[in-house]
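All remarks here apply to the structure that follows.
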Amino acid sequence: MSTINYKLILKIISQILLIEAGAMLLPLFVAIGSHDPSSMGNGVFPFLISVLITAMAGFLLRYFGDPDRNSFGVKEAPLLVTLLWIVLTMFGSLPFLFLGDFGVTDAFFETMSGFTTTGSTVIEDIEKCPFSIKLWRSITQWIGGLGIVFFIVAVLPSLVKGGRVRVFTAEATGPFRMKLHPKISTSGHYLLCVYAVLTILCALGFWACGMSWFDSVNHAMTTTATGGFSTFNDTTSLFNKVSTGSVMLVFMFLSGANFTALYGTAMRKQGMQIWRNSEFLFYVKMIGLATVFVTIALMFGKNTDYNFFKAFGQAFFHVVSFATTTGSYGDNIQNWPRFAWFVLFVLMFIGGCAGSTAGGLKCIRALMLWKIVKNELKRIMHPNAILPLKVSGENVSHVQMSTLTGFCVVYMLLCVVTYGILMVFESGNNNIDTVDGMTIALSSACNVGPSLLHTPDDSISWASLSVPSKWICSFLMLLGRLEILNVLVLFTPSFWKEQQ
């Protein structure tokens, strides 16, 4: 008989669909209570139908999902996590579909971009959309920031009895699992509190800068999720202001740091603990060094007219934006020197800290790779030396180093292969060149969203991609958010072999 407990998987999916239906009630209430001037309507019908369908599907799966054993094996965790993200994206796309202006492909792409906090959008004029749709986009990013499964562990720990660690590990980012408490669910509560506090403070900051409450809450959710969705078409003029730009910069930076380290610093009054964290130090140094490089490039590059203060401000904002994979703009970087583009390209690839809402390779992996290279250089001069690899004072095992190598190889290979496939499908699109194809693949895999050439003032948009390319990018977003291997294992024959 099969080792996979399908009934338990159905039970958990049913509960999460009911939670998603509950989350859809928020934009529904906004649609009912607002006098929305949108030409698309207020969104009452799309969300009402979506809530009903999602809730009915949840109750139906709950009926079929009465498991004989309420425990997880090795196979259930990656299968559950992958199915959860796909199913919630499918039902989360219903409001876009019923709005009438989206096809199946665009609706799925927009929702997957939201839940994975990628921030790519096929909506060319978001200001024409109803308030309810704007809020739903922000909610998808906020939920996806910490992870869908994370909310299961934190809110409904009884659902994954006996398998919390496996499920949490299947979705958590980074090679290490840092816990605040022996119980995974309690650690989840603590991190959820950090996330909520950051969001509330960010909303208050935007409101103090003159934003409306609605725009403040939306931008706070997408900023702390490092997703980058906005309620405005032109974010350049919005974040080019010192006030709003500074608020966003601060909360992008904090959201790109490890939440466990932030909690230990803020709540346990261990102010110096975070500065003993090797990954956080790497994160700070990376941002500092990149800011210096981009500042110099803007000050002395051709066709640029930046004094030191303007160059430093723009460099700092965009370095943090791309390092945390938020992908928001405070300036038109289309005219920036190519060296500045290269720096941002590297930051897109590395990303933020593990245990944060940021995407990318993660700073901890980049740090481990750097230390491995240093050790190999030392080994050339001292062949018999024993050179242990340590991160934050902890030894890194050979198994972890092997996993790191495999992950990085698959990560880069996936970007290259996807780039080649995209160029085939976009061969008739004169607006997409070789550099565009690579940045599209990288920004999808790293969950960055806007690529280097897709600036707010550029004529190219994600909507211009072909239908196959949008599905490929959607799949790539999912792989990037779930750290690739947890999804690819489902495509191995051994995963589906039955155990007698």
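Residue names in the structure tokens use chain letters A, B, ... in the order shown, residue numbers from 1 in each chain, and ligand numbers from 1 in the order shown.
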
Item to check | helix (DSSP H, G or I) positions in stretch 166-386 of chain A, given as a PyMOL selection string | outcome: chain A and resi 166-171+184-208+213-224+235-239+242-255+259-266+274-276+278-300+308-323+333-335+338-350+363-381

Item to check | 9 Å contact set for stretch 81-86 of chain A, only C-alpha atoms, chain neighbours under 2 positions out, as an MDAnalysis selection string | outcome: chainID A and resid 9 12:13 16 76:79 88:91 112 115:116 148:149 167 170:171 478 482 486:487 490

Next on the checklist: Show me, as number ranges by chain, the residues that have an atom within 10 Å of A:Phe232 when counting only C-alpha atoms, minus same-chain residues fewer than 2 positions from it.
Outcome noted: A: 125-128, 134, 215, 219, 229-230, 234-238

Take the residues that were just selected and, keeping N, CA and C atoms, output them as a compact mmCIF listing (two decimals), in the first residue's frame.
```txt
# COMPACT_ATOMS: atom_id res chain seq x y z
N ASP A 125 -2.51 48.90 -15.40
CA ASP A 125 -3.07 50.09 -14.77
C ASP A 125 -3.79 49.67 -13.50
N ILE A 126 -3.05 49.54 -12.42
CA ILE A 126 -3.62 49.07 -11.15
C ILE A 126 -4.59 50.09 -10.57
N GLU A 127 -4.43 51.36 -10.91
CA GLU A 127 -5.31 52.39 -10.34
C GLU A 127 -6.73 52.29 -10.87
N LYS A 128 -6.93 51.55 -11.96
CA LYS A 128 -8.28 51.34 -12.47
C LYS A 128 -8.99 50.18 -11.77
N LYS A 134 -7.13 45.48 -5.13
CA LYS A 134 -5.86 46.00 -4.61
C LYS A 134 -5.55 45.39 -3.24
N ASP A 215 -3.99 53.01 1.57
CA ASP A 215 -2.70 52.86 0.90
C ASP A 215 -1.60 52.49 1.89
N HIS A 219 0.57 49.09 1.43
CA HIS A 219 2.02 49.16 1.24
C HIS A 219 2.79 48.57 2.41
N PHE A 229 4.18 44.80 -4.40
CA PHE A 229 2.93 45.26 -5.00
C PHE A 229 2.59 46.65 -4.48
N SER A 230 1.93 47.44 -5.32
CA SER A 230 1.56 48.79 -4.93
C SER A 230 0.14 49.08 -5.39
N ASP A 234 2.73 54.46 -10.59
CA ASP A 234 4.06 55.07 -10.57
C ASP A 234 4.60 55.08 -9.15
N THR A 235 5.37 54.08 -8.80
CA THR A 235 5.98 54.04 -7.47
C THR A 235 7.24 54.89 -7.41
N THR A 236 7.76 55.26 -8.58
CA THR A 236 8.98 56.06 -8.61
C THR A 236 8.77 57.41 -7.90
N SER A 237 7.71 58.10 -8.25
CA SER A 237 7.44 59.39 -7.62
C SER A 237 7.05 59.23 -6.16
N LEU A 238 6.46 58.07 -5.82
CA LEU A 238 6.04 57.84 -4.43
C LEU A 238 7.23 57.64 -3.52
```

Non-local contacts of A:Phe312 (12 Å; only C-alpha atoms; under 2 positions in same chain excluded) as a CSV table (one decimal) with N, CA and C atoms, in the first residue's frame:
```csv
chain,number,residue,atom,x,y,z
A,288,GLY,N,26.2,47.5,2.5
A,288,GLY,CA,27.1,48.6,2.7
A,288,GLY,C,28.0,48.7,1.5
A,289,LEU,N,28.6,47.6,1.1
A,289,LEU,CA,29.6,47.6,0.0
A,289,LEU,C,28.9,47.9,-1.3
A,290,ALA,N,27.7,47.3,-1.5
A,290,ALA,CA,27.0,47.5,-2.8
A,290,ALA,C,26.6,49.0,-2.9
A,291,THR,N,26.2,49.6,-1.8
A,291,THR,CA,25.8,51.0,-1.8
A,291,THR,C,26.9,51.9,-2.2
A,292,VAL,N,28.1,51.5,-1.7
A,292,VAL,CA,29.3,52.3,-2.0
A,292,VAL,C,29.6,52.2,-3.5
A,293,PHE,N,29.5,51.0,-4.1
A,293,PHE,CA,29.8,50.8,-5.5
A,293,PHE,C,28.7,51.5,-6.4
A,294,VAL,N,27.5,51.4,-6.0
A,294,VAL,CA,26.4,52.1,-6.9
A,294,VAL,C,26.5,53.6,-6.7
A,295,THR,N,26.8,54.1,-5.5
A,295,THR,CA,27.0,55.5,-5.3
A,295,THR,C,28.1,56.1,-6.2
A,296,ILE,N,29.2,55.4,-6.2
A,296,ILE,CA,30.3,55.9,-7.1
A,296,ILE,C,29.9,55.8,-8.6
A,297,ALA,N,29.2,54.7,-9.0
A,297,ALA,CA,28.8,54.6,-10.4
A,297,ALA,C,27.9,55.7,-10.8
A,298,LEU,N,27.0,56.1,-9.9
A,298,LEU,CA,26.0,57.2,-10.2
A,298,LEU,C,26.7,58.5,-10.2
A,299,MET,N,27.7,58.8,-9.4
A,299,MET,CA,28.4,60.0,-9.3
A,299,MET,C,29.3,60.3,-10.5
A,306,TYR,N,24.2,63.2,-10.6
A,306,TYR,CA,23.9,63.0,-9.2
A,306,TYR,C,25.0,63.6,-8.4
A,307,ASN,N,24.6,64.4,-7.4
A,307,ASN,CA,25.6,64.8,-6.4
A,307,ASN,C,25.7,63.7,-5.4
A,308,PHE,N,26.5,63.8,-4.4
A,308,PHE,CA,26.8,62.7,-3.5
A,308,PHE,C,25.5,62.3,-2.7
A,309,PHE,N,24.8,63.3,-2.2
A,309,PHE,CA,23.6,62.9,-1.3
A,309,PHE,C,22.5,62.3,-2.1
A,310,LYS,N,22.3,62.8,-3.4
A,310,LYS,CA,21.3,62.1,-4.2
A,310,LYS,C,21.7,60.7,-4.6
A,314,GLN,N,19.7,57.3,-3.5
A,314,GLN,CA,19.1,56.4,-4.5
A,314,GLN,C,19.8,55.0,-4.5
A,315,ALA,N,21.1,55.0,-4.3
A,315,ALA,CA,21.9,53.8,-4.3
A,315,ALA,C,21.4,52.9,-3.1
A,316,PHE,N,21.3,53.6,-1.9
A,316,PHE,CA,21.0,52.9,-0.7
A,316,PHE,C,19.6,52.2,-0.8
A,317,PHE,N,18.6,53.0,-1.3
A,317,PHE,CA,17.2,52.5,-1.5
A,317,PHE,C,17.2,51.3,-2.4
A,318,HIS,N,17.8,51.5,-3.6
A,318,HIS,CA,17.7,50.4,-4.6
A,318,HIS,C,18.5,49.2,-4.2
A,319,VAL,N,19.6,49.4,-3.5
A,319,VAL,CA,20.4,48.2,-3.1
A,319,VAL,C,19.6,47.4,-2.1
```

Item to check | Contacts of stretch 206-211 of chain A at 8 Å (only C-alpha atoms; same-chain gap of 5+ positions) as an MDAnalysis selection string | outcome: chainID A and resid 216 219:220 243:244 247

Those same residues, written as a PDB file, in the first residue's frame with all heavy atoms?
```pdb
ATOM      1  N   SER A 216      -1.684  53.040   3.107  1.00  0.00           N
ATOM      2  CA  SER A 216      -0.671  52.732   4.125  1.00  0.00           C
ATOM      3  C   SER A 216      -0.687  51.261   4.488  1.00  0.00           C
ATOM      4  O   SER A 216       0.368  50.606   4.555  1.00  0.00           O
ATOM      5  CB  SER A 216      -0.920  53.573   5.382  1.00  0.00           C
ATOM      6  OG  SER A 216      -0.792  54.949   5.110  1.00  0.00           O
ATOM      7  N   HIS A 219       0.572  49.088   1.433  1.00  0.00           N
ATOM      8  CA  HIS A 219       2.024  49.158   1.239  1.00  0.00           C
ATOM      9  C   HIS A 219       2.786  48.568   2.410  1.00  0.00           C
ATOM     10  O   HIS A 219       3.893  48.038   2.235  1.00  0.00           O
ATOM     11  CB  HIS A 219       2.451  50.612   0.999  1.00  0.00           C
ATOM     12  CG  HIS A 219       2.150  51.103  -0.373  1.00  0.00           C
ATOM     13  ND1 HIS A 219       0.968  51.737  -0.700  1.00  0.00           N
ATOM     14  CD2 HIS A 219       2.864  51.051  -1.528  1.00  0.00           C
ATOM     15  CE1 HIS A 219       0.970  52.061  -1.982  1.00  0.00           C
ATOM     16  NE2 HIS A 219       2.114  51.655  -2.509  1.00  0.00           N
ATOM     17  N   ALA A 220       2.225  48.632   3.606  1.00  0.00           N
ATOM     18  CA  ALA A 220       2.872  48.008   4.759  1.00  0.00           C
ATOM     19  C   ALA A 220       2.904  46.493   4.603  1.00  0.00           C
ATOM     20  O   ALA A 220       3.926  45.843   4.868  1.00  0.00           O
ATOM     21  CB  ALA A 220       2.138  48.387   6.045  1.00  0.00           C
ATOM     22  N   SER A 243      10.510  61.123   2.798  1.00  0.00           N
ATOM     23  CA  SER A 243       9.719  60.572   3.893  1.00  0.00           C
ATOM     24  C   SER A 243       9.286  59.132   3.618  1.00  0.00           C
ATOM     25  O   SER A 243       9.652  58.204   4.357  1.00  0.00           O
ATOM     26  CB  SER A 243       8.490  61.451   4.145  1.00  0.00           C
ATOM     27  OG  SER A 243       7.718  61.597   2.953  1.00  0.00           O
ATOM     28  N   THR A 244       8.518  58.925   2.549  1.00  0.00           N
ATOM     29  CA  THR A 244       8.025  57.577   2.258  1.00  0.00           C
ATOM     30  C   THR A 244       9.155  56.640   1.867  1.00  0.00           C
ATOM     31  O   THR A 244       9.135  55.452   2.219  1.00  0.00           O
ATOM     32  CB  THR A 244       6.983  57.627   1.122  1.00  0.00           C
ATOM     33  OG1 THR A 244       7.534  58.343   0.002  1.00  0.00           O
ATOM     34  CG2 THR A 244       5.709  58.302   1.573  1.00  0.00           C
ATOM     35  N   VAL A 247      10.860  55.424   5.114  1.00  0.00           N
ATOM     36  CA  VAL A 247      10.049  54.429   5.829  1.00  0.00           C
ATOM     37  C   VAL A 247      10.162  53.080   5.149  1.00  0.00           C
ATOM     38  O   VAL A 247      10.380  52.041   5.797  1.00  0.00           O
ATOM     39  CB  VAL A 247       8.569  54.870   5.898  1.00  0.00           C
ATOM     40  CG1 VAL A 247       7.690  53.742   6.427  1.00  0.00           C
ATOM     41  CG2 VAL A 247       8.427  56.101   6.786  1.00  0.00           C
TER      42      VAL A 247
END
```

Checklist entry - Residues at most 12 Å from A:Thr222, counting only C-alpha atoms, excluding those fewer than 6 positions away in the same chain, as number ranges by chain? => result A: 113-119, 134-146, 195, 198-200, 202-203, 215-216, 228-231, 248, 251-252, 255, 325-328, 357-358

Write to file, as a compact mmCIF listing (two decimals), in the first residue's frame, the residues of the selection just made, with N, CA and C atoms.
```txt
# COMPACT_ATOMS: atom_id res chain seq x y z
N SER A 113 2.30 35.22 -8.26
CA SER A 113 3.24 36.30 -7.99
C SER A 113 2.99 36.92 -6.62
N GLY A 114 1.71 36.97 -6.23
CA GLY A 114 1.38 37.52 -4.93
C GLY A 114 1.78 36.59 -3.80
N PHE A 115 1.35 35.34 -3.84
CA PHE A 115 1.64 34.40 -2.76
C PHE A 115 3.13 34.13 -2.61
N THR A 116 3.87 34.14 -3.71
CA THR A 116 5.32 33.91 -3.62
C THR A 116 6.09 35.20 -3.35
N THR A 117 5.38 36.31 -3.20
CA THR A 117 5.94 37.65 -2.94
C THR A 117 6.92 38.06 -4.05
N THR A 118 6.69 37.56 -5.26
CA THR A 118 7.56 37.94 -6.37
C THR A 118 7.32 39.39 -6.78
N GLY A 119 6.06 39.76 -6.95
CA GLY A 119 5.75 41.15 -7.26
C GLY A 119 5.63 41.45 -8.74
N LYS A 134 -7.13 45.48 -5.13
CA LYS A 134 -5.86 46.00 -4.61
C LYS A 134 -5.55 45.39 -3.24
N LEU A 135 -6.58 45.31 -2.39
CA LEU A 135 -6.38 44.75 -1.05
C LEU A 135 -6.07 43.26 -1.13
N TRP A 136 -6.75 42.54 -2.00
CA TRP A 136 -6.51 41.10 -2.13
C TRP A 136 -5.09 40.80 -2.59
N ARG A 137 -4.58 41.61 -3.51
CA ARG A 137 -3.20 41.44 -3.95
C ARG A 137 -2.24 41.62 -2.78
N SER A 138 -2.48 42.60 -1.94
CA SER A 138 -1.62 42.84 -0.78
C SER A 138 -1.73 41.72 0.24
N ILE A 139 -2.95 41.20 0.42
CA ILE A 139 -3.16 40.11 1.38
C ILE A 139 -2.42 38.85 0.93
N THR A 140 -2.45 38.55 -0.37
CA THR A 140 -1.74 37.37 -0.85
C THR A 140 -0.24 37.49 -0.57
N GLN A 141 0.30 38.68 -0.76
CA GLN A 141 1.72 38.84 -0.48
C GLN A 141 2.02 38.75 1.01
N TRP A 142 1.14 39.29 1.83
CA TRP A 142 1.40 39.26 3.28
C TRP A 142 1.34 37.83 3.80
N ILE A 143 0.37 37.05 3.32
CA ILE A 143 0.28 35.65 3.73
C ILE A 143 1.49 34.87 3.23
N GLY A 144 1.87 35.11 1.99
CA GLY A 144 2.99 34.39 1.42
C GLY A 144 4.34 34.81 1.95
N GLY A 145 4.40 35.97 2.61
CA GLY A 145 5.68 36.47 3.12
C GLY A 145 6.36 35.49 4.05
N LEU A 146 5.66 35.06 5.09
CA LEU A 146 6.21 34.06 6.01
C LEU A 146 5.96 32.65 5.52
N TYR A 195 6.32 39.68 12.76
CA TYR A 195 5.80 40.04 11.45
C TYR A 195 4.66 41.06 11.56
N LEU A 198 5.98 44.54 12.83
CA LEU A 198 6.65 45.26 11.74
C LEU A 198 5.63 45.85 10.77
N THR A 199 4.59 45.08 10.47
CA THR A 199 3.57 45.55 9.53
C THR A 199 2.81 46.74 10.09
N ILE A 200 2.43 46.67 11.37
CA ILE A 200 1.69 47.77 12.00
C ILE A 200 2.54 49.03 12.06
N CYS A 202 5.05 49.80 10.17
CA CYS A 202 5.26 50.28 8.80
C CYS A 202 4.04 51.05 8.31
N ALA A 203 2.84 50.53 8.60
CA ALA A 203 1.61 51.22 8.21
C ALA A 203 1.51 52.58 8.87
N ASP A 215 -3.99 53.01 1.57
CA ASP A 215 -2.70 52.86 0.90
C ASP A 215 -1.60 52.49 1.89
N SER A 216 -1.68 53.04 3.11
CA SER A 216 -0.67 52.73 4.12
C SER A 216 -0.69 51.26 4.49
N GLY A 228 6.49 43.99 -2.98
CA GLY A 228 6.59 45.08 -3.93
C GLY A 228 5.33 45.48 -4.64
N PHE A 229 4.18 44.80 -4.40
CA PHE A 229 2.93 45.26 -5.00
C PHE A 229 2.59 46.65 -4.48
N SER A 230 1.93 47.44 -5.32
CA SER A 230 1.56 48.79 -4.93
C SER A 230 0.14 49.08 -5.39
N THR A 231 -0.47 50.07 -4.79
CA THR A 231 -1.80 50.52 -5.22
C THR A 231 -1.69 51.64 -6.24
N MET A 248 10.03 53.08 3.83
CA MET A 248 10.11 51.81 3.11
C MET A 248 11.49 51.19 3.22
N PHE A 251 11.94 49.40 6.67
CA PHE A 251 11.19 48.17 6.86
C PHE A 251 11.54 47.11 5.83
N MET A 252 12.02 47.50 4.66
CA MET A 252 12.57 46.50 3.74
C MET A 252 13.80 45.87 4.35
N SER A 255 12.81 43.55 7.23
CA SER A 255 12.12 42.37 6.75
C SER A 255 13.04 41.42 6.00
N THR A 325 14.83 41.53 -2.31
CA THR A 325 13.96 41.04 -3.40
C THR A 325 12.59 41.69 -3.38
N THR A 326 12.52 42.94 -2.88
CA THR A 326 11.26 43.68 -2.92
C THR A 326 11.00 44.18 -4.34
N GLY A 327 12.02 44.72 -4.96
CA GLY A 327 11.91 45.12 -6.37
C GLY A 327 11.18 46.42 -6.60
N SER A 328 11.09 47.29 -5.59
CA SER A 328 10.44 48.58 -5.77
C SER A 328 11.46 49.61 -6.26
N THR A 357 11.44 37.28 5.01
CA THR A 357 10.47 37.20 3.92
C THR A 357 11.12 37.39 2.56
N ALA A 358 12.42 37.61 2.53
CA ALA A 358 13.13 37.86 1.27
C ALA A 358 13.35 36.56 0.51
```

Would you write out, as CSV, a table of all residues in stretch 397-418 of chain A that have an atom no more than 10 Å from an atom of stretch 359-375 of chain A, listing for each the closest atom pair and the distance in Å to one decimal, considering only C-alpha atoms and ordering rows by chain and rising residue number?
```
residue,atom,partner,partner_atom,distance
A:Gln400,CA,A:Met368,CA,10.0
A:Met401,CA,A:Met368,CA,8.1
A:Leu404,CA,A:Arg365,CA,7.0
A:Thr405,CA,A:Leu369,CA,8.5
A:Phe407,CA,A:Leu361,CA,9.2
A:Cys408,CA,A:Leu361,CA,7.9
A:Tyr411,CA,A:Leu361,CA,8.2
A:Met412,CA,A:Leu361,CA,9.9
```

Next on the checklist: Set the distance at 6 Å and use only C-alpha atoms: which residues neighbour stretch 93-106 of chain A once local chain neighbours fewer than 6 positions away are removed? I'd like the list as a list in words.
Outcome noted: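 After dropping sequence-adjacent residues, the list is Pro46, Phe47 and Ser50 of chain A.
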
Checklist outcome for this item: Min atom-atom distance to A:Glu483 from the set A:Cys446, A:Ile386, A:Val435, A:Val396, counting only C-alpha atoms, belongs to A:Cys446

Next on the checklist: Counting only C-alpha atoms, which residue out of A:Leu26, A:Met381, A:Ile123, A:Leu10 sits closest to A:Phe59?
Outcome noted: A:Leu10

Checklist entry - What does the distance between atom CA of A:Gly92 and atom CA of A:Ala445 come to in Å, to one decimal place? => result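 So the answer is 20.9 Å.
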
Any chance you could list, as an mmCIF file with N, CA and C atoms, in the first residue's frame, the residues in stretch 304-411 of chain A that come up strand (DSSP E) when DSSP is run on the backbone?
```cif
data_model
loop_
_atom_site.group_PDB
_atom_site.id
_atom_site.type_symbol
_atom_site.label_atom_id
_atom_site.label_comp_id
_atom_site.auth_asym_id
_atom_site.auth_seq_id
_atom_site.Cartn_x
_atom_site.Cartn_y
_atom_site.Cartn_z
ATOM 1 N N LYS A 390 32.728 27.041 9.815
ATOM 2 C CA LYS A 390 31.874 27.484 10.907
ATOM 3 C C LYS A 390 31.044 28.686 10.489
ATOM 4 N N VAL A 391 29.796 28.699 10.936
ATOM 5 C CA VAL A 391 28.887 29.814 10.725
ATOM 6 C C VAL A 391 28.276 30.174 12.067
ATOM 7 N N GLU A 394 29.030 27.770 14.835
ATOM 8 C CA GLU A 394 28.575 26.391 14.701
ATOM 9 C C GLU A 394 29.260 25.726 13.509
ATOM 10 N N ASN A 395 29.696 24.472 13.722
ATOM 11 C CA ASN A 395 30.315 23.725 12.642
ATOM 12 C C ASN A 395 29.279 23.325 11.601
#
```
